[in-house]
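For reference, entry_35.pdb (PDB, C-alpha atoms):
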```
ATOM      1  CA  MET Q   4     121.335  78.423  70.010
ATOM      2  CA  PRO Q   5     120.693  75.890  71.237
ATOM      3  CA  ALA Q   6     123.371  76.048  73.920
ATOM      4  CA  SER Q   7     125.189  72.737  74.220
ATOM      5  CA  GLU Q   8     125.253  70.906  77.534
ATOM      6  CA  GLN Q   9     129.021  71.399  77.659
ATOM      7  CA  LEU Q  10     128.598  75.169  77.280
ATOM      8  CA  LEU Q  11     125.928  75.259  79.991
ATOM      9  CA  SER Q  12     128.171  73.265  82.317
ATOM     10  CA  LEU Q  13     131.135  75.576  81.658
ATOM     11  CA  PHE Q  14     128.867  78.523  82.426
ATOM     12  CA  LEU Q  15     128.029  77.060  85.846
ATOM     13  CA  ALA Q  16     131.642  76.152  86.555
ATOM     14  CA  ASP Q  17     132.885  79.643  85.715
ATOM     15  CA  THR Q  18     130.153  81.873  87.190
ATOM     16  CA  ALA Q  19     128.400  79.810  89.876
ATOM     17  CA  ALA Q  20     130.726  77.284  91.509
ATOM     18  CA  GLY Q  21     132.070  78.745  94.744
ATOM     19  CA  HIS Q  22     130.249  82.048  94.199
ATOM     20  CA  VAL Q  23     126.494  81.512  94.611
ATOM     21  CA  THR Q  24     124.055  79.043  96.163
ATOM     22  CA  ALA Q  25     122.604  76.103  94.274
ATOM     23  CA  LYS Q  26     119.189  77.795  94.254
ATOM     24  CA  THR Q  27     120.624  80.897  92.632
ATOM     25  CA  ALA Q  28     122.361  78.793  89.979
ATOM     26  CA  SER Q  29     119.113  76.898  89.424
ATOM     27  CA  SER Q  30     117.241  80.183  88.886
ATOM     28  CA  TRP Q  31     119.814  81.182  86.260
ATOM     29  CA  LEU Q  32     119.303  77.902  84.434
ATOM     30  CA  THR Q  33     115.530  78.298  84.655
ATOM     31  CA  GLY Q  34     115.804  81.657  82.908
ATOM     32  CA  LEU Q  35     118.015  80.162  80.187
ATOM     33  CA  GLN Q  36     115.672  77.221  79.755
ATOM     34  CA  MET Q  37     112.635  79.481  79.426
ATOM     35  CA  TRP Q  38     114.543  81.521  76.832
ATOM     36  CA  HIS Q  39     115.044  78.347  74.803
ATOM     37  CA  VAL Q  40     111.363  77.400  75.178
ATOM     38  CA  LEU Q  41     110.153  80.836  74.078
ATOM     39  CA  ASN Q  42     112.378  80.625  71.013
ATOM     40  CA  GLY Q  43     111.280  77.086  70.129
ATOM     41  CA  THR Q  44     114.756  75.673  70.675
ATOM     42  CA  GLU Q  45     115.697  72.352  72.258
ATOM     43  CA  TRP Q  46     117.038  72.455  75.818
ATOM     44  CA  LYS Q  47     120.207  70.369  76.054
ATOM     45  CA  GLY Q  48     120.442  70.044  79.834
ATOM     46  CA  ALA Q  49     120.913  66.405  80.879
ATOM     47  CA  GLU Q  50     123.184  64.223  83.050
ATOM     48  CA  LEU Q  51     126.329  66.357  82.770
ATOM     49  CA  LEU Q  52     124.458  69.498  83.807
ATOM     50  CA  LYS Q  53     122.801  67.604  86.655
ATOM     51  CA  ARG Q  54     126.214  66.573  88.020
ATOM     52  CA  MET Q  55     127.518  70.115  87.614
ATOM     53  CA  LYS Q  56     124.583  71.426  89.683
ATOM     54  CA  LYS Q  57     125.526  68.990  92.446
ATOM     55  CA  GLY Q  58     129.061  70.347  92.344
ATOM     56  CA  VAL Q  59     127.790  73.912  92.614
ATOM     57  CA  LYS Q  60     125.780  72.885  95.666
ATOM     58  CA  LYS Q  61     128.838  71.400  97.386
ATOM     59  CA  LEU Q  62     130.979  74.460  96.636
ATOM     60  CA  ALA Q  63     128.312  77.011  97.548
ATOM     61  CA  PRO Q  64     129.423  79.776  99.973
ATOM     62  CA  LYS Q  65     127.887  79.921 103.386
ATOM     63  CA  SER Q  66     124.281  81.006 103.087
ATOM     64  CA  LYS Q  67     123.360  84.500 104.252
ATOM     65  CA  SER Q  68     119.648  83.720 104.351
ATOM     66  CA  SER Q  69     119.585  84.138 108.115
ATOM     67  CA  GLU Q  70     120.591  87.773 107.550
ATOM     68  CA  CYS Q  71     117.806  88.303 105.016
ATOM     69  CA  LEU Q  72     114.817  86.719 106.725
ATOM     70  CA  PRO Q  73     111.607  88.093 105.209
ATOM     71  CA  ILE Q  74     108.871  89.839 107.099
ATOM     72  CA  THR Q  75     105.858  87.639 106.483
ATOM     73  CA  TYR Q  76     102.107  88.128 106.545
ATOM     74  CA  ASP Q  77     102.178  86.746 110.106
ATOM     75  CA  HIS Q  78     104.604  89.478 111.155
ATOM     76  CA  ILE Q  79     102.351  92.204 109.755
ATOM     77  CA  LEU Q  80      99.211  90.617 111.179
ATOM     78  CA  ALA Q  81     100.872  90.530 114.605
ATOM     79  CA  LEU Q  82     101.513  94.265 114.347
ATOM     80  CA  ARG Q  83      97.893  94.876 113.362
ATOM     81  CA  HIS Q  84      96.630  92.958 116.403
ATOM     82  CA  HIS Q  85      99.074  94.293 118.998
ATOM     83  CA  LEU Q  86      99.563  97.936 118.051
ATOM     84  CA  ASN Q  87      97.158 100.298 119.792
ATOM     85  CA  LEU Q  88      95.657 102.229 116.877
ATOM     86  CA  SER Q  89      94.075 104.781 119.205
ATOM     87  CA  ASP Q  90      97.608 105.750 120.245
ATOM     88  CA  SER Q  91      99.076 108.406 117.939
ATOM     89  CA  ARG Q  92     102.546 106.821 117.768
ATOM     90  CA  ASP Q  93     101.282 103.302 117.169
ATOM     91  CA  ALA Q  94      98.934 104.602 114.468
ATOM     92  CA  ALA Q  95     101.925 106.113 112.662
ATOM     93  CA  ILE Q  96     103.901 102.874 113.033
ATOM     94  CA  TRP Q  97     101.014 100.821 111.627
ATOM     95  CA  ALA Q  98     100.711 103.179 108.659
ATOM     96  CA  VAL Q  99     104.386 103.069 107.675
ATOM     97  CA  THR Q 100     104.831  99.311 108.199
ATOM     98  CA  SER Q 101     101.729  98.379 106.211
ATOM     99  CA  ILE Q 102     102.815 100.720 103.410
ATOM    100  CA  VAL Q 103     106.384  99.419 103.058
ATOM    101  CA  PHE Q 104     105.028  95.855 103.063
ATOM    102  CA  LYS Q 105     102.157  96.274 100.604
ATOM    103  CA  ALA Q 106     104.001  98.747  98.345
ATOM    104  CA  CYS Q 107     107.350  96.867  98.441
ATOM    105  CA  THR Q 108     109.099 100.043  99.517
ATOM    106  CA  ARG Q 109     112.334 100.624 101.398
ATOM    107  CA  LEU Q 110     111.663 101.738 104.966
ATOM    108  CA  GLY Q 111     114.522 104.215 104.686
ATOM    109  CA  GLU Q 112     112.771 105.981 101.798
ATOM    110  CA  LEU Q 113     109.844 106.930 104.034
ATOM    111  CA  ILE Q 114     111.476 107.677 107.376
ATOM    112  CA  PRO Q 115     115.037 108.586 108.487
ATOM    113  CA  LYS Q 116     117.237 106.079 110.304
ATOM    114  CA  THR Q 117     117.500 108.309 113.383
ATOM    115  CA  HIS Q 118     115.932 111.573 114.543
ATOM    116  CA  SER Q 119     119.175 113.439 113.948
ATOM    117  CA  SER Q 120     119.427 112.223 110.340
ATOM    118  CA  PHE Q 121     116.159 113.802 109.151
ATOM    119  CA  ARG Q 122     116.603 115.974 106.049
ATOM    120  CA  ALA Q 123     113.687 117.916 104.563
ATOM    121  CA  GLU Q 124     115.041 117.530 101.008
ATOM    122  CA  LYS Q 125     115.289 113.753 101.355
ATOM    123  CA  ASN Q 126     112.503 112.660 103.707
ATOM    124  CA  VAL Q 127     108.822 112.848 102.776
ATOM    125  CA  SER Q 128     106.763 115.522 104.541
ATOM    126  CA  ARG Q 129     103.125 115.939 105.481
ATOM    127  CA  ASP Q 130     102.475 118.375 102.633
ATOM    128  CA  CYS Q 131     103.916 116.099  99.930
ATOM    129  CA  PRO Q 132     101.944 115.827  96.650
ATOM    130  CA  LYS Q 133      99.194 113.270  97.176
ATOM    131  CA  SER Q 134      95.882 112.232  95.659
ATOM    132  CA  ARG Q 135      92.988 109.900  96.330
ATOM    133  CA  LYS Q 136      90.618 108.252  93.884
ATOM    134  CA  SER Q 137      88.374 105.253  93.456
ATOM    135  CA  LEU Q 138      88.526 102.836  90.540
ATOM    136  CA  GLN Q 139      85.404 101.712  88.666
ATOM    137  CA  THR Q 140      85.511  98.557  90.740
ATOM    138  CA  GLY Q 141      85.173 100.684  93.869
ATOM    139  CA  ARG Q 142      88.733  99.965  94.959
ATOM    140  CA  ARG Q 143      90.409 102.932  96.628
ATOM    141  CA  VAL Q 144      93.773 104.246  95.479
ATOM    142  CA  PHE Q 145      96.027 106.587  97.467
ATOM    143  CA  GLN Q 146      99.220 107.898  95.936
ATOM    144  CA  PHE Q 147     101.859 110.215  97.320
ATOM    145  CA  HIS Q 148     105.225 111.457  96.128
ATOM    146  CA  ILE Q 149     108.463 110.954  98.020
ATOM    147  CA  PRO Q 150     111.357 113.358  97.293
ATOM    148  CA  TRP Q 151     114.177 110.795  97.201
ATOM    149  CA  THR Q 152     114.753 107.106  96.486
ATOM    150  CA  LYS Q 153     117.834 104.927  96.411
ATOM    151  CA  THR Q 154     117.631 104.488  92.636
ATOM    152  CA  THR Q 155     116.219 107.804  91.364
ATOM    153  CA  GLY Q 156     117.927 110.145  93.811
ATOM    154  CA  ASN Q 157     116.340 113.594  94.068
ATOM    155  CA  GLN Q 158     113.828 112.825  91.325
ATOM    156  CA  GLY Q 159     111.903 110.844  93.910
ATOM    157  CA  ALA Q 160     108.991 108.561  93.035
ATOM    158  CA  TRP Q 161     105.267 108.038  93.427
ATOM    159  CA  ILE Q 162     104.113 105.454  95.943
ATOM    160  CA  TYR Q 163     100.843 103.746  94.994
ATOM    161  CA  LEU Q 164      98.597 102.183  97.614
ATOM    162  CA  PHE Q 165      95.562 100.066  96.804
ATOM    163  CA  GLY Q 166      92.730  99.416  99.233
ATOM    164  CA  SER Q 167      92.122  95.788 100.170
ATOM    165  CA  ASN Q 168      89.567  93.742 102.071
ATOM    166  CA  ASP Q 169      92.075  92.073 104.360
ATOM    167  CA  GLU Q 170      93.386  93.277 107.694
ATOM    168  CA  ILE Q 171      96.458  94.795 106.072
ATOM    169  CA  ASP Q 172      94.808  97.662 104.223
ATOM    170  CA  SER Q 173      97.546 100.231 103.719
ATOM    171  CA  VAL Q 174      95.110 102.876 102.438
ATOM    172  CA  SER Q 175      92.992 102.661 105.586
ATOM    173  CA  ALA Q 176      96.152 102.597 107.717
ATOM    174  CA  LEU Q 177      97.463 105.820 106.191
ATOM    175  CA  GLU Q 178      94.093 107.565 106.330
ATOM    176  CA  HIS Q 179      93.730 106.574 109.984
ATOM    177  CA  HIS Q 180      97.190 107.916 110.793
ATOM    178  CA  LEU Q 181      96.408 111.242 109.118
ATOM    179  CA  TYR Q 182      93.117 111.444 111.045
ATOM    180  CA  VAL Q 183      94.527 110.533 114.464
ATOM    181  CA  ASN Q 184      97.491 112.854 113.963
ATOM    182  CA  ALA Q 185      95.601 115.744 112.396
ATOM    183  CA  ASN Q 186      97.294 118.562 114.322
ATOM    184  CA  ILE Q 187     100.695 118.267 112.701
ATOM    185  CA  PRO Q 188     102.438 121.118 110.806
ATOM    186  CA  PRO Q 189     102.394 120.669 107.018
ATOM    187  CA  ASN Q 190     106.201 120.754 106.777
ATOM    188  CA  ALA Q 191     106.606 118.019 109.393
ATOM    189  CA  PRO Q 192     107.556 114.460 108.346
ATOM    190  CA  LEU Q 193     104.655 112.478 106.880
ATOM    191  CA  PHE Q 194     104.858 109.975 109.723
ATOM    192  CA  ALA Q 195     104.965 112.543 112.505
ATOM    193  CA  PHE Q 196     102.629 111.935 115.436
ATOM    194  CA  GLU Q 197     101.092 114.014 118.202
ATOM    195  CA  THR Q 198     102.552 114.005 121.722
ATOM    196  CA  THR Q 199     101.535 115.649 124.986
ATOM    197  CA  SER Q 200     104.124 118.373 124.358
ATOM    198  CA  GLY Q 201     103.470 118.860 120.634
ATOM    199  CA  TRP Q 202     104.663 116.348 118.067
ATOM    200  CA  SER Q 203     107.513 114.033 117.172
ATOM    201  CA  PHE Q 204     108.285 111.736 114.239
ATOM    202  CA  LEU Q 205     109.282 108.156 113.571
ATOM    203  CA  SER Q 206     112.765 106.900 112.783
ATOM    204  CA  LYS Q 207     113.727 103.438 111.524
ATOM    205  CA  ASP Q 208     115.139 102.653 114.946
ATOM    206  CA  ASP Q 209     111.811 103.603 116.574
ATOM    207  CA  VAL Q 210     109.820 101.401 114.227
ATOM    208  CA  MET Q 211     112.054  98.345 114.414
ATOM    209  CA  THR Q 212     112.325  98.537 118.227
ATOM    210  CA  ARG Q 213     108.525  98.580 118.496
ATOM    211  CA  CYS Q 214     108.173  95.740 115.989
ATOM    212  CA  HIS Q 215     110.713  93.533 117.757
ATOM    213  CA  ALA Q 216     108.938  94.148 121.065
ATOM    214  CA  ILE Q 217     105.788  92.665 119.525
ATOM    215  CA  TRP Q 218     107.382  89.847 117.519
ATOM    216  CA  SER Q 219     109.744  88.501 120.165
ATOM    217  CA  PRO Q 220     107.100  87.252 122.690
ATOM    218  CA  LEU Q 221     105.282  85.594 119.768
ATOM    219  CA  ASN Q 222     108.454  83.699 118.760
ATOM    220  CA  LEU Q 223     108.491  85.375 115.366
ATOM    221  CA  PRO Q 224     111.945  85.976 113.836
ATOM    222  CA  SER Q 225     113.133  89.575 114.028
ATOM    223  CA  PRO Q 226     114.352  90.595 110.555
ATOM    224  CA  THR Q 227     115.807  93.926 109.486
ATOM    225  CA  GLY Q 228     113.907  96.869 108.038
ATOM    226  CA  HIS Q 229     114.814  95.861 104.461
ATOM    227  CA  ALA Q 230     112.867  92.636 105.006
ATOM    228  CA  PHE Q 231     109.575  94.535 104.601
ATOM    229  CA  ARG Q 232     110.380  94.996 100.913
ATOM    230  CA  ILE Q 233     111.363  91.404 100.178
ATOM    231  CA  GLY Q 234     108.507  90.113 102.346
ATOM    232  CA  GLY Q 235     106.001  92.305 100.542
ATOM    233  CA  ALA Q 236     107.179  91.101  97.132
ATOM    234  CA  THR Q 237     106.943  87.479  98.274
ATOM    235  CA  PHE Q 238     103.454  88.047  99.690
ATOM    236  CA  LEU Q 239     102.171  89.580  96.458
ATOM    237  CA  LEU Q 240     103.626  86.763  94.353
ATOM    238  CA  MET Q 241     102.059  84.174  96.646
ATOM    239  CA  CYS Q 242      98.711  85.942  96.218
ATOM    240  CA  GLY Q 243      99.003  85.373  92.487
ATOM    241  CA  VAL Q 244      99.914  88.943  91.505
ATOM    242  CA  ASP Q 245     101.724  88.868  88.173
ATOM    243  CA  PRO Q 246     105.482  89.566  88.434
ATOM    244  CA  TRP Q 247     105.038  92.442  85.968
ATOM    245  CA  ILE Q 248     102.735  94.164  88.461
ATOM    246  CA  VAL Q 249     105.006  93.403  91.425
ATOM    247  CA  MET Q 250     107.917  94.823  89.447
ATOM    248  CA  LYS Q 251     106.049  98.085  88.866
ATOM    249  CA  ILE Q 252     104.735  98.338  92.444
ATOM    250  CA  GLY Q 253     108.254  97.943  93.819
ATOM    251  CA  ARG Q 254     109.666 100.299  91.153
ATOM    252  CA  TRP Q 255     112.216  97.782  89.895
ATOM    253  CA  SER Q 256     113.716  97.879  86.427
ATOM    254  CA  SER Q 257     113.509  94.642  84.453
ATOM    255  CA  LYS Q 258     117.131  93.716  85.186
ATOM    256  CA  ALA Q 259     116.915  94.701  88.855
ATOM    257  CA  PHE Q 260     113.771  92.645  89.372
ATOM    258  CA  LEU Q 261     115.368  89.547  87.857
ATOM    259  CA  LEU Q 262     118.318  89.993  90.216
ATOM    260  CA  TYR Q 263     115.931  90.565  93.109
ATOM    261  CA  TRP Q 264     114.060  87.362  92.233
ATOM    262  CA  ARG Q 265     117.141  85.434  93.327
ATOM    263  CA  ASP Q 266     116.522  86.721  96.863
ATOM    264  CA  VAL Q 267     112.782  86.065  96.741
ATOM    265  CA  GLU Q 268     112.836  82.668  95.035
ATOM    266  CA  SER Q 269     114.159  80.538  97.908
ATOM    267  CA  ILE Q 270     111.623  82.080 100.270
ATOM    268  CA  PHE Q 271     108.776  81.821  97.787
ATOM    269  CA  LEU Q 272     109.454  78.183  96.952
ATOM    270  CA  SER Q 273     109.509  77.269 100.647
ATOM    271  CA  PHE Q 274     105.776  78.031 100.690
ATOM    272  CA  ILE Q 275     104.716  76.843  97.217
ATOM    273  CA  ASP Q 276     105.841  73.718  95.360
ATOM    274  CA  GLU Q 277     108.035  74.516  92.370
ATOM    275  CA  SER Q 278     105.804  72.491  90.059
ATOM    276  CA  SER Q 279     102.609  74.380  90.974
ATOM    277  CA  PRO Q 280     100.783  76.348  88.245
ATOM    278  CA  THR Q 281     101.423  79.592  90.155
ATOM    279  CA  VAL Q 282     105.183  79.071  90.084
ATOM    280  CA  GLN Q 283     105.141  78.059  86.428
ATOM    281  CA  LYS Q 284     103.124  81.169  85.513
ATOM    282  CA  ILE Q 285     105.586  83.362  87.400
ATOM    283  CA  LYS Q 286     108.559  81.772  85.653
ATOM    284  CA  GLN Q 287     106.924  82.361  82.271
ATOM    285  CA  SER Q 288     106.466  86.027  83.127
ATOM    286  CA  LEU Q 289     110.044  86.252  84.340
ATOM    287  CA  ALA Q 290     111.243  84.785  81.072
ATOM    288  CA  GLN Q 291     109.317  87.495  79.218
ATOM    289  CA  ILE Q 292     110.762  90.172  81.518
ATOM    290  CA  ALA Q 293     114.229  88.795  80.750
ATOM    291  CA  THR Q 294     113.784  89.661  77.070
ATOM    292  CA  PHE Q 295     113.758  93.360  77.993
ATOM    293  CA  THR Q 296     117.192  93.187  79.638
ATOM    294  CA  SER Q 297     119.057  92.076  76.560
TER     295      SER Q 297
END
```
Just dump the structure as structure tokens.
Amino acid sequence: MPASEQLLSLFLADTAAGHVTAKTASSWLTGLQMWHVLNGTEWKGAELLKRMKKGVKKLAPKSKSSECLPITYDHILALRHHLNLSDSRDAAIWAVTSIVFKACTRLGELIPKTHSSFRAEKNVSRDCPKSRKSLQTGRRVFQFHIPWTKTTGNQGAWIYLFGSNDEIDSVSALEHHLYVNANIPPNAPLFAFETTSGWSFLSKDDVMTRCHAIWSPLNLPSPTGHAFRIGGATFLLMCGVDPWIVMKIGRWSSKAFLLYWRDVESIFLSFIDESSPTVQKIKQSLAQIATFTS
């Protein structure tokens, strides 16, 4: 260190040009720049690097952002206002959607894709380990254990929910679901709901079909189920939650979160100016997180 401008430009030419978007390349450079700042070293980026960034932009592959549209606060608020929470099925849908959004969780880790794909050893059940408590501040916490995740496999993971004063209170949503659907067998899926003939349970297809039916008349984009996770992370960052906390809530490793930030950054910066104190604070935290990946 410091890295010369020629070296930085060669880095972009070799790893970014024709492979990633300009925003992704810019996020890489931001991380490198913050590394230099934290180590008290001069940043050499100037005119040559600026021209190289323009070249990366021209050679960028076709954007896939339309395939990764986030689920926003407006999407979740629309569900809250249009789902009938006195209906057992809608109560279950509100619980699972508010949880995957606020806890930055994969929808497929809480419910199966289809009814035929349910597996007791992989999908969370009603009698899963769970606990409730209140913090000294009076804030409620609800945690439950899921038996499988994409990254930990059969070790599973704990999902932490924190009560909030807004309309998207995932703790209240889950408690309401458990109350409305009280007559469910303990070995049934956690998001099972009562029916006139007994009970049934939610699948990803069920949830997304219901969501799209609400979003479409409101002219809201209809993203995929994975968009709950990226939308939740974006929402928390926009609320000023430190990236360290978001990383832990979403159960990302340091390296995985930095990679995930590339997906979140373009969405996040479309709402908040890059020069704002919030963005600068986040980038400082990300630079600190980056030190744990080396």
(request) Would you translate the PyMOL selection byres ((chain Q and resi 12) around 12) into the concrete set of residues it matches in this file, as a count of residues only? (result) 29
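Take the PyMOL selection byres ((chain Q and resi 111) around 10) and apply it to this file: it picks Val103, Thr108, Arg109, Leu110, Glu112, Leu113, Ile114, Pro115, Lys116, Asn126, Trp151, Thr152, Lys153, Ser206, Lys207, Gly228 and His229 of chain Q.
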Write a file of the just-selected residues containing C-alpha atoms, as a compact mmCIF listing (two decimals), keeping the file's coordinate frame.
```txt
# COMPACT_ATOMS: atom_id res chain seq x y z
CA VAL Q 103 106.38 99.42 103.06
CA THR Q 108 109.10 100.04 99.52
CA ARG Q 109 112.33 100.62 101.40
CA LEU Q 110 111.66 101.74 104.97
CA GLU Q 112 112.77 105.98 101.80
CA LEU Q 113 109.84 106.93 104.03
CA ILE Q 114 111.48 107.68 107.38
CA PRO Q 115 115.04 108.59 108.49
CA LYS Q 116 117.24 106.08 110.30
CA ASN Q 126 112.50 112.66 103.71
CA TRP Q 151 114.18 110.80 97.20
CA THR Q 152 114.75 107.11 96.49
CA LYS Q 153 117.83 104.93 96.41
CA SER Q 206 112.76 106.90 112.78
CA LYS Q 207 113.73 103.44 111.52
CA GLY Q 228 113.91 96.87 108.04
CA HIS Q 229 114.81 95.86 104.46
```
Note to self: as number ranges by chain, please: the residues near Arg254 in chain Q (cut-off 9 Å, all atoms listed in the file, same-chain neighbours under 4 positions excluded).
What the structure shows: Q: 107-108, 160, 162, 249-250, 260
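What the PyMOL selection byres ((chain Q and resi 234) around 7) grabs from this file is Pro73, Ile74, Thr75, Phe104, Ala230, Phe231, Arg232, Ile233, Gly235, Ala236, Thr237 and Phe238 of chain Q.
Nearest to Lys26 in chain Q of all the residues Q:Gly43, Q:Pro150, Q:Pro64, Q:Gly201 is Q:Pro64, based on all atoms listed in the file.
When all atoms listed in the file are used to measure the gap to Phe165 in chain Q, the shortest distance among Q:Lys284, Q:Lys136, Q:Lys61, Q:His85 belongs to Q:Lys136.
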For Ala98 in chain Q, the closest of Q:Asp130, Q:Asp245, Q:Asp169, Q:Glu178 counting all atoms listed in the file is Q:Glu178
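A straight line drawn from CA of Asp209 in chain Q to CA of Ile102 in chain Q is 16.2 Å long.
One distance worth recording is that between CA of Gly166 in chain Q and CA of Arg92 in chain Q, which is 22.2 Å.
CA of Arg143 in chain Q is positioned 15.6 Å from CA of Ile252 in chain Q.
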Quick one: residues within 10 Å of Ala191 in chain Q, all atoms listed in the file, excluding same-chain residues fewer than 4 positions away - as a PyMOL selection string? chain Q and resi 123+126-130+187+195-196+202-204
Hey, what's within 9 Å of Cys131 in chain Q if we count only C-alpha atoms and toss same-chain stuff fewer than 5 positions away? As a list in words, please?
-> Phe147, His148, Ile149, Pro150, Pro189, Asn190 and Leu193 of chain Q
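Of the listed residues (Q:Ile96, Q:Ile285, Q:Ile79, Q:Leu239), Q:Ile79 comes nearest to Ser225 in chain Q; the distances count all atoms listed in the file.
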Fewer than 4 positions away in the same chain doesn't count, so skip those; otherwise give me all residues within 10 Å of His84 in chain Q, counting all atoms listed in the file, as an NGL selection string.
:Q and (79-80 or 88 or 170 or 217)
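Of the listed residues Q:Trp46, Q:Phe194, Q:Trp38, Q:Trp161, the one whose atoms come nearest to His179 in chain Q is Q:Phe194, with distances taken using all atoms listed in the file.
Proximity ranking of Q:Leu82, Q:Met211, Q:Ala176, Q:Val282 relative to Val244 in chain Q places Q:Val282 first, based on all atoms listed in the file.
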Please put the answer as AutoDock Vina command-line options: centre and edge lengths, in Å with one decimal, of a box along x, y and z that encloses all listed atoms of range 172-188 of chain Q plus 6 Å on each side.
```
--center_x 97.7 --center_y 109.4 --center_z 108.5 --size_x 21.4 --size_y 35.5 --size_z 24.0
```
Since the input has fewer atoms than a full residue there, write range 229-241 of chain Q out with N, CA and C atoms, as an mmCIF file, keeping the file's coordinate frame.
```
data_model
loop_
_atom_site.group_PDB
_atom_site.id
_atom_site.type_symbol
_atom_site.label_atom_id
_atom_site.label_comp_id
_atom_site.auth_asym_id
_atom_site.auth_seq_id
_atom_site.Cartn_x
_atom_site.Cartn_y
_atom_site.Cartn_z
ATOM 1 N N HIS Q 229 114.864 96.165 105.896
ATOM 2 C CA HIS Q 229 114.814 95.861 104.461
ATOM 3 C C HIS Q 229 113.894 94.678 104.179
ATOM 4 N N ALA Q 230 113.665 93.840 105.200
ATOM 5 C CA ALA Q 230 112.867 92.636 105.006
ATOM 6 C C ALA Q 230 111.408 92.944 104.694
ATOM 7 N N PHE Q 231 110.939 94.161 104.988
ATOM 8 C CA PHE Q 231 109.575 94.535 104.601
ATOM 9 C C PHE Q 231 109.426 94.462 103.092
ATOM 10 N N ARG Q 232 110.436 94.938 102.379
ATOM 11 C CA ARG Q 232 110.380 94.996 100.913
ATOM 12 C C ARG Q 232 110.374 93.602 100.295
ATOM 13 N N ILE Q 233 111.300 92.758 100.729
ATOM 14 C CA ILE Q 233 111.363 91.404 100.178
ATOM 15 C C ILE Q 233 110.149 90.588 100.628
ATOM 16 N N GLY Q 234 109.688 90.812 101.867
ATOM 17 C CA GLY Q 234 108.507 90.113 102.346
ATOM 18 C C GLY Q 234 107.260 90.528 101.598
ATOM 19 N N GLY Q 235 107.151 91.825 101.290
ATOM 20 C CA GLY Q 235 106.001 92.305 100.542
ATOM 21 C C GLY Q 235 105.959 91.728 99.140
ATOM 22 N N ALA Q 236 107.115 91.673 98.480
ATOM 23 C CA ALA Q 236 107.179 91.101 97.132
ATOM 24 C C ALA Q 236 106.784 89.631 97.159
ATOM 25 N N THR Q 237 107.278 88.897 98.149
ATOM 26 C CA THR Q 237 106.943 87.479 98.274
ATOM 27 C C THR Q 237 105.452 87.304 98.507
ATOM 28 N N PHE Q 238 104.887 88.128 99.380
ATOM 29 C CA PHE Q 238 103.454 88.047 99.690
ATOM 30 C C PHE Q 238 102.610 88.275 98.438
ATOM 31 N N LEU Q 239 102.946 89.292 97.656
ATOM 32 C CA LEU Q 239 102.171 89.580 96.458
ATOM 33 C C LEU Q 239 102.267 88.447 95.444
ATOM 34 N N LEU Q 240 103.461 87.882 95.277
ATOM 35 C CA LEU Q 240 103.626 86.763 94.353
ATOM 36 C C LEU Q 240 102.821 85.548 94.810
ATOM 37 N N MET Q 241 102.823 85.294 96.112
ATOM 38 C CA MET Q 241 102.059 84.174 96.646
ATOM 39 C C MET Q 241 100.557 84.378 96.484
#
```
